[in-house]
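Participant: My structure is in start.txt, and what it holds is compact mmCIF, C-alpha atoms:
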```txt
# COMPACT_ATOMS: atom_id res chain seq x y z
CA MET A 51 -170.09 6.96 -16.35
CA ILE A 52 -166.75 8.42 -17.36
CA PHE A 53 -166.10 9.20 -13.73
CA LEU A 54 -166.71 5.57 -12.69
CA LEU A 55 -164.38 4.27 -15.39
CA ALA A 56 -161.71 6.73 -14.41
CA SER A 57 -161.96 5.83 -10.72
CA TRP A 58 -161.84 2.09 -11.56
CA ALA A 59 -158.78 2.64 -13.72
CA MET A 60 -157.08 4.60 -10.95
CA ASP A 61 -157.84 1.91 -8.40
CA HIS A 62 -156.18 -0.76 -10.54
CA ALA A 63 -153.25 1.34 -11.68
CA ARG A 64 -149.90 1.26 -10.00
CA SER A 65 -149.34 3.98 -7.45
CA PRO A 66 -146.58 6.28 -8.69
CA TRP A 67 -145.62 7.27 -5.12
CA ALA A 68 -145.37 3.82 -3.52
CA GLY A 69 -143.82 2.18 -6.54
CA ALA A 70 -145.27 -1.26 -5.76
CA GLY A 71 -148.88 -2.21 -5.80
CA THR A 72 -152.21 -0.69 -6.45
CA ILE A 73 -153.91 2.14 -4.64
CA GLU A 74 -156.06 -0.38 -2.82
CA ALA A 75 -152.98 -2.21 -1.55
CA ASP A 76 -151.52 1.10 -0.47
CA ARG A 77 -154.73 1.94 1.38
CA GLU A 78 -154.57 -1.38 3.21
CA GLN A 79 -150.99 -0.78 4.26
CA GLU A 80 -151.56 2.79 5.48
CA PRO A 81 -153.42 1.90 8.68
CA ALA A 82 -150.78 -0.65 9.62
CA GLY A 83 -148.03 1.87 8.99
CA ALA A 84 -149.96 4.57 10.81
CA GLY A 85 -150.51 2.20 13.72
CA ARG A 86 -146.79 1.51 13.94
CA ALA A 87 -146.01 5.20 13.75
CA ASP A 88 -148.55 5.93 16.49
CA ALA A 89 -147.11 3.19 18.69
CA GLU A 90 -143.58 4.51 18.15
CA ALA A 91 -144.71 8.06 18.92
CA GLU A 92 -146.45 6.91 22.10
CA SER A 93 -143.39 4.99 23.27
CA ALA A 94 -141.19 8.01 22.53
CA ASP A 95 -143.58 10.21 24.53
CA ALA A 96 -143.52 7.74 27.41
CA ARG A 97 -139.71 7.73 27.38
CA ARG A 98 -139.61 11.52 27.38
CA ARG A 99 -142.08 11.70 30.27
CA SER A 100 -140.11 9.22 32.35
CA GLU A 101 -136.84 11.03 31.63
CA ARG A 102 -138.47 14.36 32.47
CA GLY A 103 -139.82 12.90 35.70
CA ARG A 104 -136.36 11.71 36.66
CA SER A 105 -134.71 14.97 35.70
CA GLU A 106 -137.27 17.10 37.59
CA ARG A 107 -137.08 15.03 40.77
CA GLY A 108 -133.74 16.57 41.75
CA PRO A 109 -134.82 20.21 41.40
CA ARG A 110 -138.06 19.47 43.28
CA ILE A 111 -136.13 18.09 46.21
CA LEU A 112 -133.70 21.00 46.04
CA ARG A 113 -136.57 23.50 46.04
CA ALA A 114 -138.17 21.78 49.03
CA VAL A 115 -134.88 21.88 50.95
CA ALA A 116 -134.34 25.55 50.04
CA THR A 117 -137.83 26.39 51.25
CA GLY A 118 -137.24 24.43 54.45
CA VAL A 119 -134.03 26.33 55.11
CA VAL A 120 -135.79 29.67 54.71
CA TRP A 121 -138.73 28.65 56.90
CA LEU A 122 -136.41 27.22 59.57
CA GLY A 123 -134.40 30.44 59.66
CA ALA A 124 -137.54 32.57 59.74
CA GLY A 125 -139.08 30.44 62.48
CA LEU A 126 -135.98 30.61 64.65
CA THR A 127 -135.79 34.36 64.10
CA LEU A 128 -139.45 34.81 64.99
CA MET A 129 -139.31 32.62 68.09
CA LEU A 130 -135.87 33.22 69.57
CA LEU A 131 -134.82 36.74 68.69
CA PRO A 132 -137.64 38.69 70.41
CA MET A 133 -137.33 36.47 73.49
CA LEU A 134 -133.56 37.01 73.59
CA THR A 135 -134.02 40.74 73.21
CA MET A 136 -136.65 40.98 75.95
CA SER A 137 -134.49 39.02 78.35
CA ALA A 138 -131.59 41.35 77.63
CA GLY A 139 -133.81 44.34 78.31
CA SER A 140 -135.11 42.96 81.59
CA ASP A 141 -131.89 43.70 83.50
CA CYS A 142 -132.04 47.42 82.75
CA GLU A 143 -131.66 49.91 85.59
CA ILE A 144 -133.46 53.24 85.85
CA ASP A 145 -130.47 55.30 84.77
CA ASP A 146 -129.40 52.81 82.03
CA THR A 147 -128.99 54.61 78.68
CA ARG A 148 -128.72 51.60 76.39
CA PHE A 149 -131.11 51.60 73.45
CA VAL A 150 -132.51 48.21 74.43
CA CYS A 151 -133.60 49.67 77.78
CA THR A 152 -135.96 52.22 76.22
CA ASP A 153 -139.52 51.48 75.15
CA GLY A 154 -138.74 52.44 71.55
CA GLY A 155 -135.65 50.24 71.55
CA GLN A 156 -137.60 47.24 72.84
CA ASP A 157 -140.25 47.73 70.16
CA THR A 158 -137.64 48.23 67.44
CA VAL A 159 -135.75 45.03 68.11
CA VAL A 160 -138.94 42.98 68.34
CA TYR A 161 -140.45 44.43 65.17
CA ILE A 162 -137.22 43.96 63.25
CA ALA A 163 -137.34 40.25 64.04
CA VAL A 164 -141.06 39.81 63.39
CA TYR A 165 -141.29 41.69 60.11
CA THR A 166 -138.02 40.38 58.74
CA SER A 167 -138.97 36.78 59.43
CA LEU A 168 -142.39 37.12 57.80
CA VAL A 169 -141.12 38.89 54.70
CA ALA A 170 -138.13 36.57 54.38
CA ALA A 171 -140.32 33.46 54.63
CA LEU A 172 -142.69 34.64 51.91
CA ALA A 173 -140.02 36.02 49.59
CA GLY A 174 -137.74 33.03 50.14
CA THR A 175 -140.54 30.59 49.34
CA TRP A 176 -141.30 32.41 46.11
CA GLY A 177 -137.60 32.56 45.30
CA ALA A 178 -137.07 28.86 45.95
CA PHE A 179 -139.89 27.83 43.63
CA SER A 180 -139.16 30.36 40.90
CA ARG A 181 -137.27 29.11 37.86
CA ARG A 182 -135.82 32.53 37.07
CA LEU A 183 -132.51 33.96 38.17
CA LEU A 184 -134.39 36.67 40.06
CA GLY A 185 -135.96 33.96 42.20
CA ARG A 186 -132.57 32.65 43.24
CA VAL A 187 -131.45 36.17 44.07
CA VAL A 188 -134.58 36.78 46.17
CA TRP A 189 -134.03 33.47 48.00
CA GLY A 190 -130.47 34.46 48.84
CA ALA A 191 -131.55 37.96 49.83
CA SER A 192 -134.15 36.54 52.21
CA LEU A 193 -131.46 34.51 53.98
CA ALA A 194 -129.22 37.56 54.07
CA ALA A 195 -132.06 39.63 55.56
CA LEU A 196 -132.48 37.08 58.34
CA ALA A 197 -128.76 37.21 59.06
CA VAL A 198 -128.82 41.02 59.13
CA ALA A 199 -131.79 40.98 61.53
CA TRP A 200 -129.82 38.75 63.90
CA LEU A 201 -126.74 40.97 63.57
CA VAL A 202 -128.65 44.20 64.21
CA ASN A 203 -130.49 42.82 67.20
CA LEU A 204 -127.36 41.32 68.72
CA LEU A 205 -125.55 44.63 68.24
CA ILE A 206 -128.42 46.50 69.94
CA ILE A 207 -128.46 44.00 72.81
CA GLY A 208 -124.72 44.16 73.30
CA GLU A 209 -124.43 47.97 73.43
```
Take the structure in this file and express it as structure tokens.
Facilitator:
Amino acid sequence: MIFLLASWAMDHARSPWAGAGTIEADREQEPAGAGRADAEAESADARRRSERGRSERGPRILRAVATGVVWLGAGLTLMLLPMLTMSAGSDCEIDDTRFVCTDGGQDTVVYIAVYTSLVAALAGTWGAFSRRLLGRVVWGASLAALAVAWLVNLLIIGE
């Protein structure tokens, strides 16, 4: 009985925290205030998502272009460099001492192109999509490896 009287008295007393109204009035206002707060939070989340979508669109395109550059370089290296090397080795004479005219030299220049292009394509793709500084370094190193493969093969061909 004392508990019921105390709860009735508390329901009809002024709320010391709100400063205006009874606890029942405060309870009625809470869902409306909570609904407004939820709506504001949802709109803020939607704004953040749209801003994040806009801000991430540029890096996505940049990563796709970087990957395309690596794959284009690797593809050209894989397709053109062995063919160029084999055509340079086809005009060898019997007493020709150039490295490209030996069986080991032919294999070396072809394998340099094949292995470099495969490793550079895989490493460059990882580097382009990585968000770390190491990824950018690996992407640049894969392009540099392709350039070195071309340089080495052209130097061997031109001996």
Participant: Can you pull out every residue within 12 Å of stretch 156-171 of chain A, counting all atoms listed in the file, but drop anything in the same chain fewer than 5 positions away, and send it as a count of residues only?
Facilitator: 53
Participant: Separation of atom CA of A:Arg113 and atom CA of A:Ala94, in Å?
Facilitator: 28.5 Å
Participant: Just checking: using only C-alpha atoms, which residue out of A:Arg98, A:Gly185, A:Asp141, A:Thr175 ends up closest to A:Val115?
Facilitator: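 That would be A:Thr175, the residue with the smallest distance to A:Val115.
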